[in-house]
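Peer 1: Just coords-v8.tsv, nothing more (TSV, C-alpha atoms and all ligand atoms):
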chain	number	residue	atom	x	y	z
N	1	MET	CA	0.00	0.00	0.00
N	2	LYS	CA	1.16	3.47	-0.78
N	3	ASN	CA	2.46	5.46	2.09
N	4	SER	CA	1.32	8.84	0.96
N	5	ASN	CA	0.69	10.91	4.02
N	6	GLU	CA	2.56	13.73	2.39
N	7	ASP	CA	0.98	13.81	-1.05
N	8	ASN	CA	-2.70	13.46	-0.47
N	9	PRO	CA	-3.95	11.15	-3.29
N	10	TYR	CA	-7.33	12.79	-3.18
N	11	ASN	CA	-5.72	16.03	-4.22
N	12	ASN	CA	-4.72	14.40	-7.49
N	13	ALA	CA	-7.94	12.49	-7.90
N	14	LEU	CA	-9.96	15.57	-7.17
N	15	THR	CA	-8.04	18.18	-9.10
N	16	ILE	CA	-10.58	18.09	-11.89
N	17	THR	CA	-13.43	17.93	-9.40
N	18	LYS	CA	-12.19	20.97	-7.62
N	19	SER	CA	-11.82	22.98	-10.78
N	20	SER	CA	-15.21	21.96	-12.10
N	21	PHE	CA	-16.98	22.28	-8.76
N	22	PHE	CA	-15.45	25.20	-6.93
N	23	GLU	CA	-14.37	27.21	-9.96
N	24	ARG	CA	-17.97	27.26	-10.95
N	25	VAL	CA	-19.25	28.05	-7.48
N	26	LYS	CA	-16.73	30.86	-7.31
N	27	SER	CA	-17.88	32.23	-10.66
N	28	ILE	CA	-21.34	32.72	-9.17
N	29	PHE	CA	-19.93	35.30	-6.80
N	30	SER	CA	-18.37	37.40	-9.46
N	31	LYS	CA	-21.84	37.90	-10.90
N	32	SER	CA	-24.20	40.50	-9.55
N	33	ILE	CA	-27.25	38.29	-9.44
N	34	ASP	CA	-29.92	37.81	-6.83
N	35	HIS	CA	-30.28	34.96	-4.33
N	36	THR	CA	-32.75	33.00	-6.43
N	37	GLU	CA	-30.38	32.99	-9.38
N	38	LYS	CA	-27.49	32.02	-7.10
N	39	LEU	CA	-29.48	29.13	-5.67
N	40	ASP	CA	-30.35	27.97	-9.20
N	41	LEU	CA	-26.64	27.95	-10.02
N	42	VAL	CA	-25.72	26.11	-6.81
N	43	GLU	CA	-28.35	23.52	-7.75
N	44	GLU	CA	-26.95	23.11	-11.24
N	45	ILE	CA	-23.39	22.79	-9.95
N	46	LEU	CA	-24.27	20.23	-7.30
N	47	LEU	CA	-26.23	18.12	-9.79
N	48	THR	CA	-23.50	18.17	-12.41
N	49	SER	CA	-20.90	17.28	-9.75
N	50	ASP	CA	-22.82	14.06	-9.01
N	51	VAL	CA	-23.97	15.12	-5.57
N	52	GLY	CA	-27.41	13.80	-6.62
N	53	VAL	CA	-30.99	15.11	-6.50
N	54	GLN	CA	-31.74	13.99	-2.95
N	55	THR	CA	-28.69	15.59	-1.35
N	56	THR	CA	-28.93	18.66	-3.60
N	57	ASN	CA	-32.50	19.22	-2.35
N	58	ILE	CA	-31.36	18.88	1.25
N	59	VAL	CA	-28.67	21.52	0.64
N	60	LEU	CA	-31.06	23.89	-1.16
N	61	ASN	CA	-33.73	23.60	1.54
N	62	HIS	CA	-31.11	24.39	4.12
N	63	LEU	CA	-29.87	27.44	2.17
N	64	GLN	CA	-33.43	28.73	1.74
N	65	GLN	CA	-34.12	28.40	5.45
N	66	VAL	CA	-30.95	30.22	6.44
N	67	LEU	CA	-31.51	32.93	3.81
N	68	LYS	CA	-34.87	33.74	5.42
N	69	GLN	CA	-33.01	34.81	8.56
N	70	HIS	CA	-29.74	36.06	7.05
N	71	SER	CA	-30.28	37.74	3.73
N	72	GLU	CA	-26.55	38.57	3.50
N	73	LEU	CA	-25.61	34.89	3.73
N	74	ASP	CA	-22.38	33.83	2.01
N	75	ILE	CA	-23.97	31.04	-0.03
N	76	PHE	CA	-20.67	29.53	-1.09
N	77	ASN	CA	-19.30	29.13	2.43
N	78	GLU	CA	-22.63	27.93	3.72
N	79	THR	CA	-22.85	25.26	0.98
N	80	LYS	CA	-19.32	24.17	1.78
N	81	SER	CA	-19.81	23.90	5.53
N	82	PHE	CA	-23.20	22.22	5.18
N	83	LEU	CA	-21.82	19.49	2.87
N	84	PHE	CA	-18.82	19.15	5.16
N	85	ASN	CA	-21.09	18.56	8.14
N	86	LEU	CA	-23.19	16.02	6.25
N	87	LEU	CA	-20.06	13.93	5.85
N	88	VAL	CA	-18.59	14.57	9.26
N	89	ASP	CA	-21.81	13.50	10.96
N	90	ASN	CA	-21.84	10.19	9.13
N	91	GLN	CA	-20.15	7.02	10.25
N	92	GLU	CA	-16.41	6.51	9.87
N	93	TYR	CA	-14.80	3.28	8.80
N	94	ASP	CA	-12.37	2.02	11.38
N	95	LEU	CA	-9.56	-0.05	9.84
N	96	ASN	CA	-7.74	-0.63	13.11
N	97	LYS	CA	-10.88	-2.16	14.53
N	98	LEU	CA	-11.14	-4.35	11.42
N	99	LEU	CA	-7.56	-5.55	11.82
N	100	SER	CA	-8.08	-6.44	15.45
N	101	VAL	CA	-11.25	-8.42	14.57
N	102	ILE	CA	-9.33	-10.20	11.78
N	103	LYS	CA	-6.65	-11.24	14.25
N	104	ASN	CA	-9.28	-12.83	16.48
N	105	THR	CA	-11.35	-14.48	13.74
N	106	LYS	CA	-9.80	-17.30	11.81
N	107	PRO	CA	-10.49	-17.47	8.97
N	108	PHE	CA	-11.94	-13.99	8.44
N	109	ILE	CA	-14.17	-14.21	5.37
N	110	ILE	CA	-14.56	-11.26	2.99
N	111	LEU	CA	-17.16	-11.30	0.21
N	112	VAL	CA	-16.57	-8.85	-2.64
N	113	SER	CA	-19.51	-7.98	-4.89
N	114	GLY	CA	-20.59	-5.34	-7.41
N	115	VAL	CA	-21.80	-5.02	-11.00
N	116	ASN	CA	-19.64	-5.99	-13.94
N	117	GLY	CA	-16.50	-4.09	-14.70
N	118	VAL	CA	-16.39	-1.94	-11.56
N	119	GLY	CA	-13.02	-3.37	-10.52
N	120	LYS	CA	-13.87	-6.28	-8.18
N	121	THR	CA	-11.16	-8.69	-9.30
N	122	THR	CA	-8.47	-6.01	-9.34
N	123	THR	CA	-9.57	-4.88	-5.88
N	124	VAL	CA	-9.54	-8.47	-4.56
N	125	ALA	CA	-5.91	-8.71	-5.71
N	126	LYS	CA	-5.09	-5.33	-4.12
N	127	LEU	CA	-6.72	-6.31	-0.81
N	128	ALA	CA	-4.98	-9.69	-0.83
N	129	ALA	CA	-1.62	-7.98	-1.38
N	130	MET	CA	-2.33	-5.46	1.36
N	131	PHE	CA	-3.24	-8.14	3.92
N	132	ALA	CA	-0.28	-10.33	2.87
N	133	ASP	CA	1.97	-7.30	3.47
N	134	LEU	CA	0.59	-7.21	7.01
N	135	ASN	CA	1.84	-10.81	7.41
N	136	LEU	CA	-1.62	-12.32	7.22
N	137	LYS	CA	-2.09	-15.59	5.36
N	138	VAL	CA	-4.54	-14.92	2.54
N	139	ILE	CA	-6.44	-17.28	0.24
N	140	ILE	CA	-8.64	-16.17	-2.67
N	141	GLY	CA	-11.75	-17.94	-3.99
N	142	ALA	CA	-12.38	-17.42	-7.72
N	143	CYS	CA	-16.18	-17.45	-7.48
N	144	ASP	CA	-16.85	-15.86	-10.88
N	145	ALA	CA	-17.92	-18.92	-12.86
N	146	PHE	CA	-19.78	-16.82	-15.40
N	147	ARG	CA	-17.36	-14.68	-17.39
N	148	ALA	CA	-14.86	-16.47	-19.62
N	149	GLY	CA	-11.38	-15.49	-18.51
N	150	ALA	CA	-12.43	-14.47	-15.00
N	151	VAL	CA	-10.63	-17.37	-13.33
N	152	GLU	CA	-7.42	-16.80	-15.35
N	153	GLN	CA	-7.48	-13.10	-14.41
N	154	ILE	CA	-7.43	-13.75	-10.67
N	155	GLU	CA	-5.06	-16.72	-11.04
N	156	THR	CA	-2.59	-14.46	-12.84
N	157	TRP	CA	-2.74	-12.02	-9.92
N	158	GLY	CA	-2.36	-14.94	-7.50
N	159	SER	CA	0.81	-16.22	-9.11
N	160	LYS	CA	2.28	-12.70	-9.37
N	161	LEU	CA	1.62	-12.10	-5.69
N	162	ASP	CA	2.32	-15.65	-4.57
N	163	ILE	CA	-1.14	-15.91	-3.07
N	164	ARG	CA	-3.14	-19.10	-3.32
N	165	VAL	CA	-6.25	-18.99	-5.52
N	166	ILE	CA	-8.90	-21.72	-5.36
N	167	SER	CA	-10.81	-22.23	-8.60
N	168	ASN	CA	-12.69	-24.88	-10.51
N	169	LYS	CA	-13.00	-24.33	-14.22
N	170	THR	CA	-15.28	-27.34	-14.65
N	171	THR	CA	-18.07	-25.97	-12.47
N	172	LYS	CA	-20.73	-23.37	-13.15
N	173	ASP	CA	-21.52	-23.26	-9.45
N	174	PRO	CA	-19.60	-20.48	-7.67
N	175	ALA	CA	-20.94	-21.59	-4.27
N	176	SER	CA	-18.98	-24.84	-4.65
N	177	VAL	CA	-15.80	-22.80	-5.20
N	178	ALA	CA	-16.62	-20.83	-2.05
N	179	PHE	CA	-17.02	-24.17	-0.25
N	180	ASP	CA	-13.62	-25.43	-1.44
N	181	THR	CA	-11.95	-22.13	-0.54
N	182	VAL	CA	-13.28	-21.92	3.02
N	183	ASN	CA	-12.64	-25.62	3.53
N	184	SER	CA	-9.04	-25.23	2.46
N	185	ALA	CA	-8.65	-22.06	4.56
N	186	ILE	CA	-9.78	-23.90	7.68
N	187	SER	CA	-7.63	-26.98	7.15
N	188	ASN	CA	-4.55	-24.93	6.22
N	189	GLU	CA	-5.02	-22.24	8.87
N	190	TYR	CA	-5.38	-19.23	6.64
N	191	ASP	CA	-6.17	-15.90	8.30
N	192	ILE	CA	-8.26	-14.37	5.54
N	193	VAL	CA	-10.49	-15.68	2.75
N	194	ILE	CA	-11.38	-13.23	-0.03
N	195	LEU	CA	-14.15	-14.30	-2.39
N	196	ASP	CA	-14.24	-12.68	-5.84
N	197	THR	CA	-17.69	-12.89	-7.44
N	198	ALA	CA	-19.33	-12.38	-10.83
N	199	GLY	CA	-20.64	-8.98	-11.87
N	200	ARG	CA	-23.10	-10.12	-14.47
N	201	LEU	CA	-25.42	-13.06	-14.86
N	202	GLN	CA	-28.42	-13.72	-17.06
N	203	ASN	CA	-30.38	-11.34	-14.85
N	204	ASP	CA	-30.13	-9.47	-11.57
N	205	ALA	CA	-32.23	-12.03	-9.69
N	206	ASN	CA	-29.74	-14.76	-10.61
N	207	LEU	CA	-26.85	-12.57	-9.56
N	208	MET	CA	-28.36	-11.80	-6.16
N	209	GLY	CA	-29.40	-15.46	-5.74
N	210	GLU	CA	-25.85	-16.54	-6.44
N	211	LEU	CA	-24.40	-14.12	-3.89
N	212	GLU	CA	-26.88	-15.41	-1.35
N	213	LYS	CA	-25.86	-19.01	-2.09
N	214	ILE	CA	-22.19	-18.11	-1.60
N	215	SER	CA	-23.03	-16.47	1.75
N	216	ASN	CA	-25.03	-19.50	2.82
N	217	ILE	CA	-22.12	-21.80	2.04
N	218	THR	CA	-19.69	-19.79	4.18
N	219	LYS	CA	-22.30	-19.77	6.98
N	220	ARG	CA	-22.26	-23.57	6.98
N	221	PHE	CA	-18.66	-23.34	8.17
N	222	ILE	CA	-18.91	-20.17	10.26
N	223	PRO	CA	-22.46	-18.98	11.01
N	224	GLU	CA	-21.50	-15.31	11.44
N	225	SER	CA	-19.69	-15.15	8.10
N	226	PRO	CA	-19.12	-13.51	5.67
N	227	HIS	CA	-17.54	-11.27	8.28
N	228	LEU	CA	-17.18	-8.41	5.84
N	229	SER	CA	-19.26	-7.80	2.75
N	230	LEU	CA	-17.69	-5.20	0.49
N	231	LEU	CA	-19.58	-3.53	-2.32
N	232	VAL	CA	-17.33	-2.29	-5.11
N	233	LEU	CA	-18.50	0.87	-6.86
N	234	ASP	CA	-16.95	2.65	-9.83
N	235	ALA	CA	-16.52	6.37	-9.13
N	236	THR	CA	-16.99	7.24	-12.80
N	237	VAL	CA	-20.52	5.91	-13.21
N	238	GLY	CA	-22.49	8.54	-11.27
N	239	GLN	CA	-26.26	8.24	-11.01
N	240	ASN	CA	-26.35	4.69	-12.40
N	241	GLY	CA	-23.76	3.48	-9.94
N	242	ILE	CA	-25.79	4.69	-7.00
N	243	GLU	CA	-28.95	3.03	-8.33
N	244	GLN	CA	-27.09	-0.26	-8.85
N	245	ALA	CA	-25.54	-0.02	-5.42
N	246	LYS	CA	-29.00	0.49	-3.90
N	247	GLN	CA	-30.19	-2.72	-5.59
N	248	PHE	CA	-27.21	-4.59	-4.25
N	249	SER	CA	-27.47	-3.31	-0.73
N	250	ASP	CA	-31.21	-4.08	-0.73
N	251	SER	CA	-30.51	-7.74	-1.60
N	252	VAL	CA	-27.13	-8.45	-0.07
N	253	LYS	CA	-25.93	-7.30	3.33
N	254	CYS	CA	-23.21	-4.71	2.62
N	255	ASP	CA	-20.85	-3.41	5.29
N	256	SER	CA	-18.97	-0.85	3.29
N	257	VAL	CA	-18.10	0.46	-0.15
N	258	ILE	CA	-14.81	0.31	-2.01
N	259	LEU	CA	-14.82	3.18	-4.46
N	260	THR	CA	-12.64	2.41	-7.48
N	261	LYS	CA	-11.28	4.54	-10.31
N	262	LEU	CA	-11.18	7.69	-8.21
N	263	ASP	CA	-8.09	8.55	-10.29
N	264	THR	CA	-10.19	8.88	-13.44
N	265	SER	CA	-13.26	10.48	-11.92
N	266	ALA	CA	-13.96	14.17	-12.16
N	267	LYS	CA	-16.89	13.90	-9.82
N	268	GLY	CA	-16.01	13.56	-6.15
N	269	GLY	CA	-19.67	14.31	-5.36
N	270	ILE	CA	-20.37	10.57	-5.51
N	271	ILE	CA	-18.57	10.20	-2.18
N	272	ILE	CA	-21.14	12.46	-0.55
N	273	ARG	CA	-23.97	10.38	-2.07
N	274	ILE	CA	-22.54	7.08	-0.82
N	275	TYR	CA	-22.68	8.37	2.73
N	276	GLN	CA	-25.91	10.27	2.33
N	277	GLU	CA	-28.05	8.02	0.12
N	278	LEU	CA	-26.62	4.53	0.63
N	279	ASN	CA	-25.76	5.22	4.23
N	280	LEU	CA	-22.66	3.07	3.87
N	281	PRO	CA	-19.14	4.02	4.92
N	282	ILE	CA	-16.32	3.92	2.37
N	283	SER	CA	-13.49	1.68	3.53
N	284	PHE	CA	-11.03	1.89	0.61
N	285	VAL	CA	-10.58	3.80	-2.62
N	286	GLY	CA	-8.94	2.57	-5.82
N	287	THR	CA	-6.59	5.15	-7.27
N	288	GLY	CA	-5.19	3.26	-10.30
N	289	GLU	CA	-4.77	-0.11	-11.99
N	290	LYS	CA	-1.60	-1.18	-10.19
N	291	ILE	CA	-1.51	-3.49	-7.18
N	292	ASN	CA	-0.54	-0.72	-4.75
N	293	ASP	CA	-3.21	1.67	-5.97
N	294	LEU	CA	-5.48	1.11	-3.00
N	295	GLU	CA	-5.88	3.62	-0.21
N	296	ILE	CA	-7.64	3.32	3.09
N	297	PHE	CA	-10.36	5.92	2.79
N	298	ASN	CA	-9.59	8.74	5.11
N	299	LYS	CA	-12.60	11.00	5.29
N	300	GLU	CA	-10.69	13.85	6.78
N	301	ARG	CA	-8.11	13.81	4.00
N	302	PHE	CA	-10.84	13.61	1.41
N	303	LEU	CA	-12.66	16.52	2.97
N	304	ASN	CA	-9.48	18.54	3.09
N	305	ALA	CA	-8.87	17.92	-0.61
N	306	PHE	CA	-12.49	18.46	-1.60
N	307	PHE	CA	-13.02	21.60	0.42
N	308	SER	CA	-9.57	23.11	0.47
N	309	TYR	CA	-10.30	25.46	-2.41
N	310	ASP	CA	-10.00	28.86	-0.87
N	311	TYR	CA	-11.76	31.27	-3.18
N	312	THR	CA	-11.13	34.25	-0.95
N	313	ASN	CA	-7.42	34.22	-1.89
N	314	GLU	CA	-7.99	34.06	-5.64
N	401	LIG	N1	-7.99	3.63	-13.33
N	401	LIG	C1	-8.41	2.62	-12.57
N	401	LIG	N2	-8.76	1.46	-13.15
N	401	LIG	C2	-9.17	0.44	-12.35
N	401	LIG	C3	-9.25	0.59	-10.94
N	401	LIG	N3	-9.72	-0.59	-10.45
N	401	LIG	C4	-9.91	-1.41	-11.50
N	401	LIG	N4	-9.59	-0.80	-12.67
N	401	LIG	C5	-9.68	-1.32	-14.04
N	401	LIG	O1	-11.04	-1.60	-14.35
N	401	LIG	C6	-11.12	-2.67	-15.27
N	401	LIG	C7	-12.10	-3.74	-14.76
N	401	LIG	O2	-11.53	-4.31	-13.60
N	401	LIG	P1	-11.91	-5.76	-13.05
N	401	LIG	O3	-11.18	-5.92	-11.78
N	401	LIG	O4	-11.74	-6.80	-14.08
N	401	LIG	O5	-13.47	-5.53	-12.78
N	401	LIG	P2	-14.55	-6.63	-12.30
N	401	LIG	O6	-15.55	-5.89	-11.48
N	401	LIG	O7	-13.88	-7.78	-11.69
N	401	LIG	O8	-15.20	-7.05	-13.70
N	401	LIG	P3	-16.15	-8.33	-13.97
N	401	LIG	O9	-15.50	-9.50	-13.31
N	401	LIG	O10	-16.22	-8.43	-15.44
N	401	LIG	O11	-17.48	-8.01	-13.37
N	401	LIG	C8	-9.70	-3.20	-15.44
N	401	LIG	O12	-9.16	-2.67	-16.62
N	401	LIG	C9	-8.98	-2.65	-14.22
N	401	LIG	O13	-7.59	-2.48	-14.42
N	401	LIG	C10	-8.86	1.86	-10.35
N	401	LIG	O14	-8.92	2.10	-9.14
N	401	LIG	N5	-8.44	2.83	-11.22
N	402	MG	MG	-14.03	-9.83	-12.02
Output the file's structure in the form of structure tokens.
Ligand SMILES: Nc1nc2c(ncn2[C@@H]2O[C@H](COP(=O)(O)OP(=O)(O)OP(=O)(O)O)[C@@H](O)[C@H]2O)c(=O)[nH]1
Ligand SMILES: [Mg+2]
Peer 2:
Amino acid sequence: MKNSNEDNPYNNALTITKSSFFERVKSIFSKSIDHTEKLDLVEEILLTSDVGVQTTNIVLNHLQQVLKQHSELDIFNETKSFLFNLLVDNQEYDLNKLLSVIKNTKPFIILVSGVNGVGKTTTVAKLAAMFADLNLKVIIGACDAFRAGAVEQIETWGSKLDIRVISNKTTKDPASVAFDTVNSAISNEYDIVILDTAGRLQNDANLMGELEKISNITKRFIPESPHLSLLVLDATVGQNGIEQAKQFSDSVKCDSVILTKLDTSAKGGIIIRIYQELNLPISFVGTGEKINDLEIFNKERFLNAFFSYDYTNE
């Protein structure tokens, strides 16, 4: 994992966000327009930054309420601090707590799900490498029996990283691969099992049914497993991604979100929506295609990058 306390990765990932979001907010203030017009512009900016209709309405209602009492309100600063507080008030993901649970739960079973192409398999490899670096014994289950090439993709990562991958190319039943993986983890005293799953099946019902079957198999070994269910979401997909994530979290128990492709996204607003609309914490972010391009999500650092634009000094 990158040790990048000094160069905040969110600064890079959010450079475009900041210029599209705050440059435009700032431009409102150079115009001599009335409050209603300013609010219309704030609305447009929030929506095009992927903050979403629901959260945008919450912000606008708040601004209207405050404007009733303070007609000289600095709308920009108020928008900033209100969004900031929405995030600050929400739950934080605690990695240290996770690591201490992992140490006391053997094997600790992680289920990784999400729609096709969001970056599940890559993220499974990144997580496996991260845990292996922490001297934990990791085993991966290749539970995507649907897409041709899926097993080879994770096996290639496994041999590069020297991490064991359990697969079965002759089966179309991913739950049986989950069975073999957990079985092997128990008999060989692995610390962590990571199950990669398919992103697309014939239909959504099949996909959800399959995830449920995989969960039920792990429960046969350890009733409280999977201990961690991670939903992978692609930062570049906006509105659609949130809708898909809602479907997933309605059908499958999700503990947190891994937000991938933050390096290619211009719309950091999706982070606000994950907390606000899905009510799920973000545990990790993907910041590139390489094995080390995984960061523990640090809300404070994100907020600093997202809100650091100081228009008063421009
Ligand atoms: N830029 C960037 N690319 C990523 C990131 N994570 C994954 N990718 C790329 O996204 C593409 C899809 O990744 P996969 O890991 O195969 O996605 P998946 O969800 O397993 O896909 P399916 O198994 O087909 O559902 C690959 O080209 C990855 O290299 C990231 O954080 N940043
Ligand atoms: Mg995959």
Peer 1: So which residues are near ligand MG 402 (chain N), meaning at most 10 Å away with all atoms listed in the file counted, given back as a count of residues only?
Peer 2: 29
Peer 1: Could the centre and edge lengths of an axis-aligned box, enclosing all atoms of ligand LIG 401 (chain N) in the file with 3 Å extra on each side, be given in Å to one decimal as AutoDock Vina command-line options?
Peer 2:
--center_x -12.5 --center_y -2.9 --center_z -12.9 --size_x 15.9 --size_y 19.1 --size_z 13.5
Peer 1: Could you name the residues that touch N:Leu63 at 8 Å or less, counting only C-alpha atoms, but leaving out those on the same chain fewer than 2 positions away, as a PyMOL selection string?
Peer 2: chain N and resi 59-61+65-67+75+78-79
Peer 1: Which residues of stretch 104-190 of chain N have any atom within 9 Å of an atom in stretch 202-224 of chain N when counting all atoms listed in the file, and what is the closest pair of atoms for each, with the distance in Å to one decimal? Order the rows by chain and rising number and write it as a Markdown table.
Peer 2:
| residue | atom | partner | partner_atom | distance |
| --- | --- | --- | --- | --- |
| N:Pro107 | CA | N:Ile222 | CA | 8.9 |
| N:Ile109 | CA | N:Thr218 | CA | 7.9 |
| N:Leu111 | CA | N:Ser215 | CA | 8.0 |
| N:Ser113 | CA | N:Leu211 | CA | 7.9 |
| N:Cys143 | CA | N:Ile214 | CA | 8.4 |
| N:Asp173 | CA | N:Glu210 | CA | 8.5 |
| N:Pro174 | CA | N:Ile214 | CA | 7.0 |
| N:Ala175 | CA | N:Ile214 | CA | 4.6 |
| N:Ser176 | CA | N:Ile217 | CA | 8.0 |
| N:Val177 | CA | N:Ile214 | CA | 8.7 |
| N:Ala178 | CA | N:Ile214 | CA | 6.2 |
| N:Phe179 | CA | N:Ile217 | CA | 6.1 |
| N:Val182 | CA | N:Thr218 | CA | 6.9 |
| N:Asn183 | CA | N:Phe221 | CA | 7.9 |
| N:Ile186 | CA | N:Phe221 | CA | 8.9 |
Peer 1: Nearest residue to ligand LIG 401 (chain N) out of N:Ile272, N:Leu278, N:Val232, N:Cys254, using only C-alpha atoms and all ligand atoms?
Peer 2: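 Smallest distance to ligand LIG 401 (chain N) is found for N:Val232.
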Peer 1: Quick one: everything within 6 Å of N:Val257, counting all atoms listed in the file, minus sequence neighbours fewer than 5 positions away in the same chain. Send it as a list of chain:residue names.
Peer 2: N:Leu230, N:Leu231, N:Val232, N:Ile282
Peer 1: Leaving out stretch 100-105 of chain N and any residue of its chain fewer than 6 positions from it, which residues lie within 9 Å of it when counting all atoms listed in the file, given as a list in words?
Peer 2: Leu136, Asp191, Ile192 and His227 of chain N
Peer 1: Output C-alpha atoms for every residue in the selection just made, as an mmCIF file, in the frame of the given file.
Peer 2:
data_model
loop_
_atom_site.group_PDB
_atom_site.id
_atom_site.type_symbol
_atom_site.label_atom_id
_atom_site.label_comp_id
_atom_site.auth_asym_id
_atom_site.auth_seq_id
_atom_site.Cartn_x
_atom_site.Cartn_y
_atom_site.Cartn_z
ATOM 1 C CA LEU N 136 -1.620 -12.320 7.220
ATOM 2 C CA ASP N 191 -6.170 -15.900 8.300
ATOM 3 C CA ILE N 192 -8.260 -14.370 5.540
ATOM 4 C CA HIS N 227 -17.540 -11.270 8.280
#
Peer 1: Calculate how many Å separate atom C10 of ligand LIG 401 (chain N) from atom CA of N:Ala235, rounding to one decimal.
Peer 2: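 According to the coordinates, atom C10 of ligand LIG 401 (chain N) and atom CA of N:Ala235 are separated by 9.0 Å.
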Peer 1: Rounded to one decimal place, report the atom CA of N:Gln276-atom CA of N:Thr55 distance in Å.
Peer 2: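 Interatomic distance here is 7.0 Å.
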Peer 1: Enter the distance from atom CA of N:Gln54 to atom CA of N:Thr264, in Å, rounded to one decimal.
Peer 2: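 That distance, rounded to one decimal, is 24.5 Å.
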Peer 1: For ligand LIG 401 (chain N), which residue among N:Leu259, N:Ala128, N:Ile296, N:Ile274 is the nearest when counting only C-alpha atoms and all ligand atoms?
Peer 2: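 Under the stated criterion, the closest residue is N:Leu259.
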Peer 1: Given all atoms listed in the file as the basis, pick out the residue of N:Asp180, N:Glu72, N:Glu289, N:Asp94 nearest to N:Leu195.
Peer 2: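 Between N:Asp180, N:Glu72, N:Glu289, N:Asp94, the residue approaching N:Leu195 most closely is N:Asp180.
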Peer 1: Counting all atoms listed in the file, figure out which residue out of N:Lys290, N:Arg273, N:Lys261, N:Arg164 gets nearest to ligand LIG 401 (chain N).
Peer 2: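 Using all atoms listed in the file, ligand LIG 401 (chain N) sits closest to N:Lys261.
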Peer 1: Of the candidates N:Asn240, N:Ser167, N:Trp157, N:His62, which shows the shortest atom-to-atom distance to ligand LIG 401 (chain N), using all atoms listed in the file?
Peer 2: N:Trp157
Peer 1: Here is a test: counting all atoms listed in the file, which residue of N:Ile166, N:Leu86, N:Ala125, N:Ile58 is nearest to ligand LIG 401 (chain N)?
Peer 2: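 Among N:Ile166, N:Leu86, N:Ala125, N:Ile58, it is N:Ala125 that comes nearest to ligand LIG 401 (chain N).
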Peer 1: As a list in words, please: the residues near N:Phe284 (cut-off 6 Å, all atoms listed in the file, same-chain neighbours under 3 positions excluded).
Peer 2: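 Contacts, with the query itself left out: Ile258, Glu295, Ile296 and Phe297 of chain N.
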